[in-house]
Amino acid sequence: PETITVQELANRMAARQGEVIKALMKMGVMATVTQSIDADTAELVVEEFGHRVRRVADSDVEIGIEGVEDKDEDLLSRPPVVTVMGHVDHGKTSLLDALRTTDTAAGEAGGITQHIGAYQVKLASGAKITFIDTPGHEAFTAMRARGAAVTDVVVLVVAADDGVMPQTIEAIKHANAADAPVIVAINKMDKPGANPARVRQDLLSHGIVVESMGGDVQDIEVSALKKTNLDKLEEAILLQAEILDLKANPDRAAEGVVIEGRLDRGRGPVSTVLVQKGTLRKGDIVVAGAEWGRVRALLDDRNRTVAEAGPSMPVEVLGIAGVPEAGSPFVVVENENRAREISEFRQRKIKEHAVAGQTAARGTLDQMLA
Ligand code: GDP
Ligand code: MG
């Protein structure tokens with residue numbers, strides 16, 4: 001009994017048969033409802049559906065579903081995950097750097113800022129915000145290409161002295177495609193030529209209607225250089241997060257997405273991951289894309305060792321044997337055999353699909369987010 005029919009698999013997950021077939025197709029497996037698929041493949045499908053898999057015994061594979069869905073009462077508020085977008089030179093990097101200094105621990109000794117692709121600020125109020133801070137934003141591009149939703153809110157940076165430009169418009173399109181609400185940061189307000197009224201007017205013709213013009217998009221006038229109104233921008237993000245009612249179950253095996261992966265000279269492969277569900281802990285066995293390993297250490301964005309990382313927290317993970325691709329999903333599994341199996345399966349699939357090209361939009365999107 002090392003196989004299961006598509007129909008039976010769909011039944012056990014309480015999923016639509018069509019959705020299961022679609023998931024299989026994405027993995028390169030063509031099957032009809034009455035056809036059987038092998039247990040390894042079935043387990044991957046089960047995971048793709050966000051379910052946990054129970055392996056009864058190594059030789060006797062049976063797919064059982066543990067927590068099919070997180071129960072409402074297990075869901076707790078989580079911090080928003082924010083991506084900053086906008087036209088080149090409008091101040092994305094400057095704004096991300098400035099926002100970072102608003103962290104309550106920013107002045108602490110020993111807290112050396114690390115660029116790990118994402119960081120989290122803890123405000124004086126105790127509220128937290130996660131910012132995706134990947135130069136070139138390969139992760140965002142890759143994740144969008146994979147259809148993974150990582151960003152809750154897009155901060156659209158528009159320079160007050162330059163106005164809406166081609167990459168501003170592109171950013172609006174990406175935010176819309178990702179179904180992420182936009183908050184406009186009208187930057188460079190310190191400049192003599194600043195004209196925020198024109199920015200609002202221009203945005204109007206691109207479907208962004210700010211509050212002062214009768215819409216529901218928040219806009220904040222800031223200066224990344226002078227660090228003015230950063231608190232207002234953060235309040236706007238938190239208000240938006242409240243409206244979105246962002247929640248996750250922290251009390252389950254962790255799942256999330258790889259933001260960045262690199263080979264560190266001293267430490268070997270290092271992955272920055274964003275935890276989306278559950279809590280990641282030292283000692284967990286993780287599969288990230290086609291790579292796997294046991295978590296040897298977790299480090300936060302100030303290079304401090306942490307014991308665990310909950311929903312919306314970015315962490316560096318040591319212990320994964322290779323460098324997973326940005327945008328890959330990661331998941332904690334029960335044992336090493338299981339991790340090895342998934343990794344081998346995925347590596348096989350990657351080889352089979354080596355021809356699959358990158359998205360054509362990559363160049364421009366990378367530029368826009370750099
Ligand atoms: P990015 O390409 O969007 O990441 O833009 P950068 O953050 O690299 O900023 C481009 C240029 O604008 C740099 O020279 C910054 O110093 C400058 N800049 C960014 N924010 C401000 C601001 O609020 N005021 C002024 N006057 N200059 C700014
Ligand atoms: Mg930049």
# chains A, B, ... in the order shown; residues from 1 in each chain; ligands from 1
>>> residues_near_ligand(ligand="ligand 1", cutoff="12 Å", atoms="only C-alpha atoms and all ligand atoms", output="compact mmCIF listing (two decimals) with N, CA, C and O atoms, in the first residue's frame")
# COMPACT_ATOMS: atom_id res chain seq x y z
N VAL A 84 9.12 47.53 0.79
CA VAL A 84 9.21 48.91 0.31
C VAL A 84 9.52 48.89 -1.18
O VAL A 84 10.46 48.23 -1.61
N MET A 85 8.70 49.58 -1.95
CA MET A 85 8.91 49.62 -3.40
C MET A 85 8.85 51.05 -3.89
O MET A 85 8.34 51.93 -3.20
N GLY A 86 9.33 51.25 -5.09
CA GLY A 86 9.25 52.58 -5.69
C GLY A 86 10.31 52.78 -6.75
O GLY A 86 11.12 51.88 -7.01
N HIS A 87 10.30 53.94 -7.35
CA HIS A 87 11.23 54.25 -8.43
C HIS A 87 12.66 54.35 -7.90
O HIS A 87 12.88 54.71 -6.75
N VAL A 88 13.61 54.04 -8.76
CA VAL A 88 15.02 54.12 -8.38
C VAL A 88 15.36 55.54 -7.90
O VAL A 88 14.85 56.53 -8.44
N ASP A 89 16.14 55.60 -6.84
CA ASP A 89 16.61 56.86 -6.26
C ASP A 89 15.53 57.65 -5.50
O ASP A 89 15.78 58.78 -5.09
N HIS A 90 14.35 57.08 -5.34
CA HIS A 90 13.32 57.79 -4.59
C HIS A 90 13.50 57.61 -3.08
O HIS A 90 12.81 58.25 -2.30
N GLY A 91 14.43 56.71 -2.69
CA GLY A 91 14.79 56.63 -1.28
C GLY A 91 14.39 55.36 -0.56
O GLY A 91 14.26 55.35 0.67
N LYS A 92 14.23 54.26 -1.29
CA LYS A 92 13.84 52.98 -0.66
C LYS A 92 14.88 52.54 0.36
O LYS A 92 14.56 52.24 1.51
N THR A 93 16.14 52.48 -0.09
CA THR A 93 17.20 52.02 0.81
C THR A 93 17.34 52.97 2.00
O THR A 93 17.46 52.52 3.15
N SER A 94 17.31 54.26 1.73
CA SER A 94 17.44 55.25 2.80
C SER A 94 16.31 55.11 3.81
O SER A 94 16.53 55.18 5.03
N LEU A 95 15.10 54.88 3.31
CA LEU A 95 13.95 54.75 4.21
C LEU A 95 14.06 53.48 5.06
O LEU A 95 13.80 53.51 6.27
N LEU A 96 14.48 52.38 4.43
CA LEU A 96 14.65 51.12 5.18
C LEU A 96 15.71 51.29 6.27
O LEU A 96 15.54 50.81 7.38
N ASP A 97 16.79 51.99 5.93
CA ASP A 97 17.83 52.24 6.92
C ASP A 97 17.31 53.13 8.06
O ASP A 97 17.61 52.89 9.23
N ALA A 98 16.55 54.14 7.69
CA ALA A 98 16.02 55.07 8.69
C ALA A 98 15.02 54.35 9.62
O ALA A 98 15.06 54.53 10.83
N LEU A 99 14.15 53.56 9.02
CA LEU A 99 13.15 52.84 9.83
C LEU A 99 13.82 51.90 10.82
O LEU A 99 13.34 51.70 11.93
N ASP A 133 14.17 43.46 3.40
CA ASP A 133 15.26 44.38 3.09
C ASP A 133 16.32 43.65 2.27
O ASP A 133 17.47 43.55 2.67
N THR A 134 15.91 43.13 1.14
CA THR A 134 16.85 42.37 0.32
C THR A 134 17.34 43.23 -0.82
O THR A 134 16.55 43.64 -1.65
N PRO A 135 18.62 43.50 -0.89
CA PRO A 135 19.10 44.29 -2.02
C PRO A 135 18.82 43.53 -3.31
O PRO A 135 19.16 42.36 -3.43
N GLY A 136 18.19 44.21 -4.22
CA GLY A 136 17.85 43.55 -5.47
C GLY A 136 16.58 42.73 -5.37
O GLY A 136 15.99 42.35 -6.36
N HIS A 137 16.19 42.47 -4.17
CA HIS A 137 14.94 41.75 -3.90
C HIS A 137 14.71 40.53 -4.77
O HIS A 137 13.64 40.33 -5.31
N VAL A 155 4.85 49.49 1.10
CA VAL A 155 5.07 50.93 1.26
C VAL A 155 5.63 51.43 -0.06
O VAL A 155 6.69 50.99 -0.51
N LEU A 156 4.85 52.30 -0.70
CA LEU A 156 5.25 52.85 -2.00
C LEU A 156 5.95 54.18 -1.77
O LEU A 156 5.34 55.14 -1.30
N VAL A 157 7.24 54.20 -2.07
CA VAL A 157 8.02 55.42 -1.87
C VAL A 157 7.97 56.27 -3.13
O VAL A 157 8.29 55.79 -4.21
N VAL A 158 7.55 57.52 -2.98
CA VAL A 158 7.56 58.45 -4.11
C VAL A 158 8.28 59.72 -3.67
O VAL A 158 7.90 60.33 -2.66
N ALA A 159 9.31 60.08 -4.39
CA ALA A 159 10.06 61.30 -4.03
C ALA A 159 9.21 62.52 -4.36
O ALA A 159 8.70 62.66 -5.48
N ALA A 160 9.07 63.39 -3.36
CA ALA A 160 8.18 64.55 -3.50
C ALA A 160 8.67 65.54 -4.55
O ALA A 160 7.89 66.32 -5.08
N ASP A 161 9.96 65.48 -4.87
CA ASP A 161 10.49 66.42 -5.85
C ASP A 161 10.53 65.83 -7.26
O ASP A 161 10.90 66.50 -8.21
N ASP A 162 10.13 64.57 -7.36
CA ASP A 162 10.24 63.90 -8.66
C ASP A 162 8.89 63.37 -9.14
O ASP A 162 8.63 63.30 -10.33
N MET A 165 6.86 58.05 -11.28
CA MET A 165 7.75 57.70 -12.38
C MET A 165 7.44 56.27 -12.84
O MET A 165 6.67 55.56 -12.19
N GLN A 167 8.79 53.32 -12.65
CA GLN A 167 8.86 52.21 -11.70
C GLN A 167 7.88 52.36 -10.54
O GLN A 167 7.58 51.40 -9.84
N THR A 168 7.40 53.60 -10.33
CA THR A 168 6.32 53.80 -9.35
C THR A 168 5.07 53.07 -9.85
O THR A 168 4.39 52.37 -9.09
N ALA A 171 5.44 49.41 -9.61
CA ALA A 171 5.27 48.98 -8.22
C ALA A 171 3.79 48.87 -7.86
O ALA A 171 3.38 47.92 -7.18
N ALA A 185 4.50 56.57 0.97
CA ALA A 185 5.45 57.40 1.71
C ALA A 185 5.96 58.45 0.74
O ALA A 185 6.70 58.13 -0.20
N ILE A 186 5.51 59.69 0.93
CA ILE A 186 5.99 60.78 0.07
C ILE A 186 7.29 61.26 0.69
O ILE A 186 7.30 61.91 1.72
N ASN A 187 8.39 60.87 0.06
CA ASN A 187 9.72 61.05 0.64
C ASN A 187 10.39 62.34 0.13
O ASN A 187 9.91 62.97 -0.79
N LYS A 188 11.50 62.67 0.76
CA LYS A 188 12.33 63.84 0.42
C LYS A 188 11.57 65.15 0.64
O LYS A 188 11.74 66.11 -0.11
N MET A 189 10.73 65.15 1.68
CA MET A 189 9.96 66.36 1.99
C MET A 189 10.86 67.51 2.42
O MET A 189 10.44 68.66 2.43
N ASP A 190 12.10 67.18 2.78
CA ASP A 190 13.05 68.23 3.19
C ASP A 190 13.56 69.04 2.00
O ASP A 190 14.13 70.11 2.15
N LYS A 191 13.35 68.53 0.79
CA LYS A 191 13.91 69.22 -0.39
C LYS A 191 13.08 70.45 -0.77
O LYS A 191 11.85 70.43 -0.68
N PRO A 192 13.76 71.49 -1.22
CA PRO A 192 13.04 72.71 -1.59
C PRO A 192 11.99 72.48 -2.68
O PRO A 192 10.94 73.11 -2.67
N GLY A 193 12.25 71.57 -3.58
CA GLY A 193 11.32 71.34 -4.68
C GLY A 193 10.19 70.37 -4.37
O GLY A 193 9.48 69.94 -5.28
N ALA A 194 10.03 70.04 -3.10
CA ALA A 194 9.01 69.04 -2.73
C ALA A 194 7.60 69.51 -3.08
O ALA A 194 7.22 70.62 -2.73
N GLU A 221 3.87 62.06 4.65
CA GLU A 221 4.99 62.84 4.15
C GLU A 221 6.19 62.60 5.05
O GLU A 221 6.12 62.84 6.25
N VAL A 222 7.27 62.09 4.47
CA VAL A 222 8.44 61.74 5.28
C VAL A 222 9.72 62.32 4.68
O VAL A 222 9.74 62.80 3.54
N SER A 223 10.76 62.26 5.49
CA SER A 223 12.10 62.48 4.97
C SER A 223 12.98 61.39 5.56
O SER A 223 13.17 61.34 6.78
N ALA A 224 13.46 60.52 4.69
CA ALA A 224 14.35 59.46 5.17
C ALA A 224 15.65 60.07 5.66
O ALA A 224 16.24 59.62 6.63
N LEU A 225 16.05 61.16 4.99
CA LEU A 225 17.30 61.82 5.34
C LEU A 225 17.23 62.45 6.73
O LEU A 225 18.12 62.26 7.56
N LYS A 226 16.17 63.20 6.98
CA LYS A 226 16.02 63.91 8.27
C LYS A 226 15.29 63.04 9.29
O LYS A 226 15.04 63.50 10.41
N LYS A 227 14.87 61.87 8.88
CA LYS A 227 14.12 60.96 9.77
C LYS A 227 12.85 61.61 10.34
O LYS A 227 12.54 61.43 11.51
N THR A 228 12.13 62.32 9.50
CA THR A 228 10.90 62.92 9.99
C THR A 228 9.69 62.07 9.61
O THR A 228 9.63 61.47 8.54
N ASN A 229 8.75 62.02 10.55
CA ASN A 229 7.47 61.32 10.38
C ASN A 229 7.58 59.81 10.22
O ASN A 229 6.65 59.16 9.74
N LEU A 230 8.71 59.25 10.62
CA LEU A 230 8.85 57.79 10.53
C LEU A 230 7.84 57.12 11.46
O LEU A 230 7.29 56.06 11.15
N ASP A 366 13.75 43.71 -10.34
CA ASP A 366 14.95 43.78 -9.50
C ASP A 366 15.40 45.22 -9.35
O ASP A 366 15.72 45.68 -8.26
N GLN A 367 15.42 45.94 -10.46
CA GLN A 367 15.84 47.34 -10.45
C GLN A 367 14.95 48.16 -9.53
O GLN A 367 15.41 48.94 -8.72
N MET A 368 13.66 47.91 -9.69
CA MET A 368 12.69 48.69 -8.96
C MET A 368 12.83 48.52 -7.46
O MET A 368 12.58 49.42 -6.69
N LEU A 369 13.24 47.34 -7.05
CA LEU A 369 13.28 47.04 -5.62
C LEU A 369 14.66 47.23 -5.03
O LEU A 369 14.84 47.12 -3.83
N ALA A 370 15.64 47.57 -5.85
CA ALA A 370 17.02 47.60 -5.37
C ALA A 370 17.26 48.72 -4.37
O ALA A 370 16.66 49.75 -4.44
>>> select_by_dssp(residues="stretch 143-296 of chain A", states="strand (DSSP E)", output="PyMOL selection string")
chain A and resi 153-159+182-187+219-221+247-248+255-264+268-277+280-281+285-288+291-296
>>> residues_around(residues="stretch 3-10 of chain A", least_positions_apart="6", cutoff="9 Å", atoms="only C-alpha atoms", output="VMD selection string")
chain A and resid 16 to 21 31 to 40 42 45 to 46 61 to 63
>>> select_by_dssp(residues="stretch 87-251 of chain A", states="helix (DSSP H, G or I)", output="VMD selection string")
chain A and resid 92 to 100 135 to 146 166 to 177 196 to 204 211 to 213 230 to 244
>>> atom_distance(atom1="atom CA of A:Thr101", atom2="atom CA of A:Phe131")
12.4 Å
>>> atom_distance(atom1="atom CA of A:Arg200", atom2="atom CA of A:Asn176")
17.9 Å
>>> residues_around(residues="stretch 306-321 of chain A", least_positions_apart="3", cutoff="7 Å", atoms="only C-alpha atoms", output="PDB file with C-alpha atoms, in the first residue's frame")
ATOM      1  CA  ARG A  78       1.304  38.493  14.217  1.00  0.00           C
ATOM      2  CA  PRO A  79       3.361  41.485  13.069  1.00  0.00           C
ATOM      3  CA  PRO A  80       2.865  42.778   9.521  1.00  0.00           C
ATOM      4  CA  VAL A  81       5.456  41.985   6.855  1.00  0.00           C
ATOM      5  CA  ALA A 118      14.832  41.233   6.403  1.00  0.00           C
ATOM      6  CA  TYR A 119      14.649  42.865   9.792  1.00  0.00           C
ATOM      7  CA  GLN A 120      12.127  43.467  12.489  1.00  0.00           C
ATOM      8  CA  THR A 130       8.943  43.184   9.779  1.00  0.00           C
ATOM      9  CA  ALA A 248      -0.990  32.829  12.692  1.00  0.00           C
ATOM     10  CA  PRO A 250       2.605  30.017  16.768  1.00  0.00           C
ATOM     11  CA  PRO A 269      25.519  27.759   4.102  1.00  0.00           C
ATOM     12  CA  VAL A 270      23.362  30.397   5.774  1.00  0.00           C
ATOM     13  CA  SER A 271      19.698  30.932   4.976  1.00  0.00           C
ATOM     14  CA  THR A 272      17.541  33.832   6.015  1.00  0.00           C
ATOM     15  CA  VAL A 273      14.010  32.625   6.436  1.00  0.00           C
ATOM     16  CA  LEU A 274      10.779  34.346   7.296  1.00  0.00           C
ATOM     17  CA  VAL A 275       8.645  32.257   9.628  1.00  0.00           C
ATOM     18  CA  GLN A 276       5.013  32.492   8.563  1.00  0.00           C
ATOM     19  CA  LYS A 277       3.396  29.889  10.775  1.00  0.00           C
ATOM     20  CA  GLY A 278       4.467  28.046  13.886  1.00  0.00           C
ATOM     21  CA  THR A 279       7.704  28.461  15.800  1.00  0.00           C
ATOM     22  CA  LEU A 280      11.137  27.501  14.506  1.00  0.00           C
ATOM     23  CA  ARG A 281      13.574  26.184  17.107  1.00  0.00           C
ATOM     24  CA  LYS A 282      17.137  25.067  17.387  1.00  0.00           C
ATOM     25  CA  GLU A 291      17.949  21.427   0.837  1.00  0.00           C
ATOM     26  CA  TRP A 292      17.594  20.143   4.349  1.00  0.00           C
ATOM     27  CA  GLY A 293      19.326  20.008   7.693  1.00  0.00           C
ATOM     28  CA  ARG A 294      19.018  20.231  11.436  1.00  0.00           C
ATOM     29  CA  VAL A 295      18.913  23.774  12.800  1.00  0.00           C
ATOM     30  CA  ARG A 296      22.239  24.316  14.547  1.00  0.00           C
ATOM     31  CA  ALA A 297      21.688  27.953  15.442  1.00  0.00           C
ATOM     32  CA  LEU A 298      19.216  30.757  14.872  1.00  0.00           C
ATOM     33  CA  LEU A 299      20.421  34.351  14.659  1.00  0.00           C
ATOM     34  CA  ASP A 300      18.380  37.524  14.555  1.00  0.00           C
ATOM     35  CA  ASP A 301      19.042  40.602  12.409  1.00  0.00           C
TER      36      ASP A 301
END
>>> closest_residue(among="A:Val82, A:Ala254, A:Leu263, A:Ala127", to="A:Gly50", atoms="only C-alpha atoms")
A:Ala254
>>> closest_residue(among="A:Ala339, A:Ile183, A:Ala326, A:Val164", to="A:Pro196", atoms="only C-alpha atoms")
A:Val164
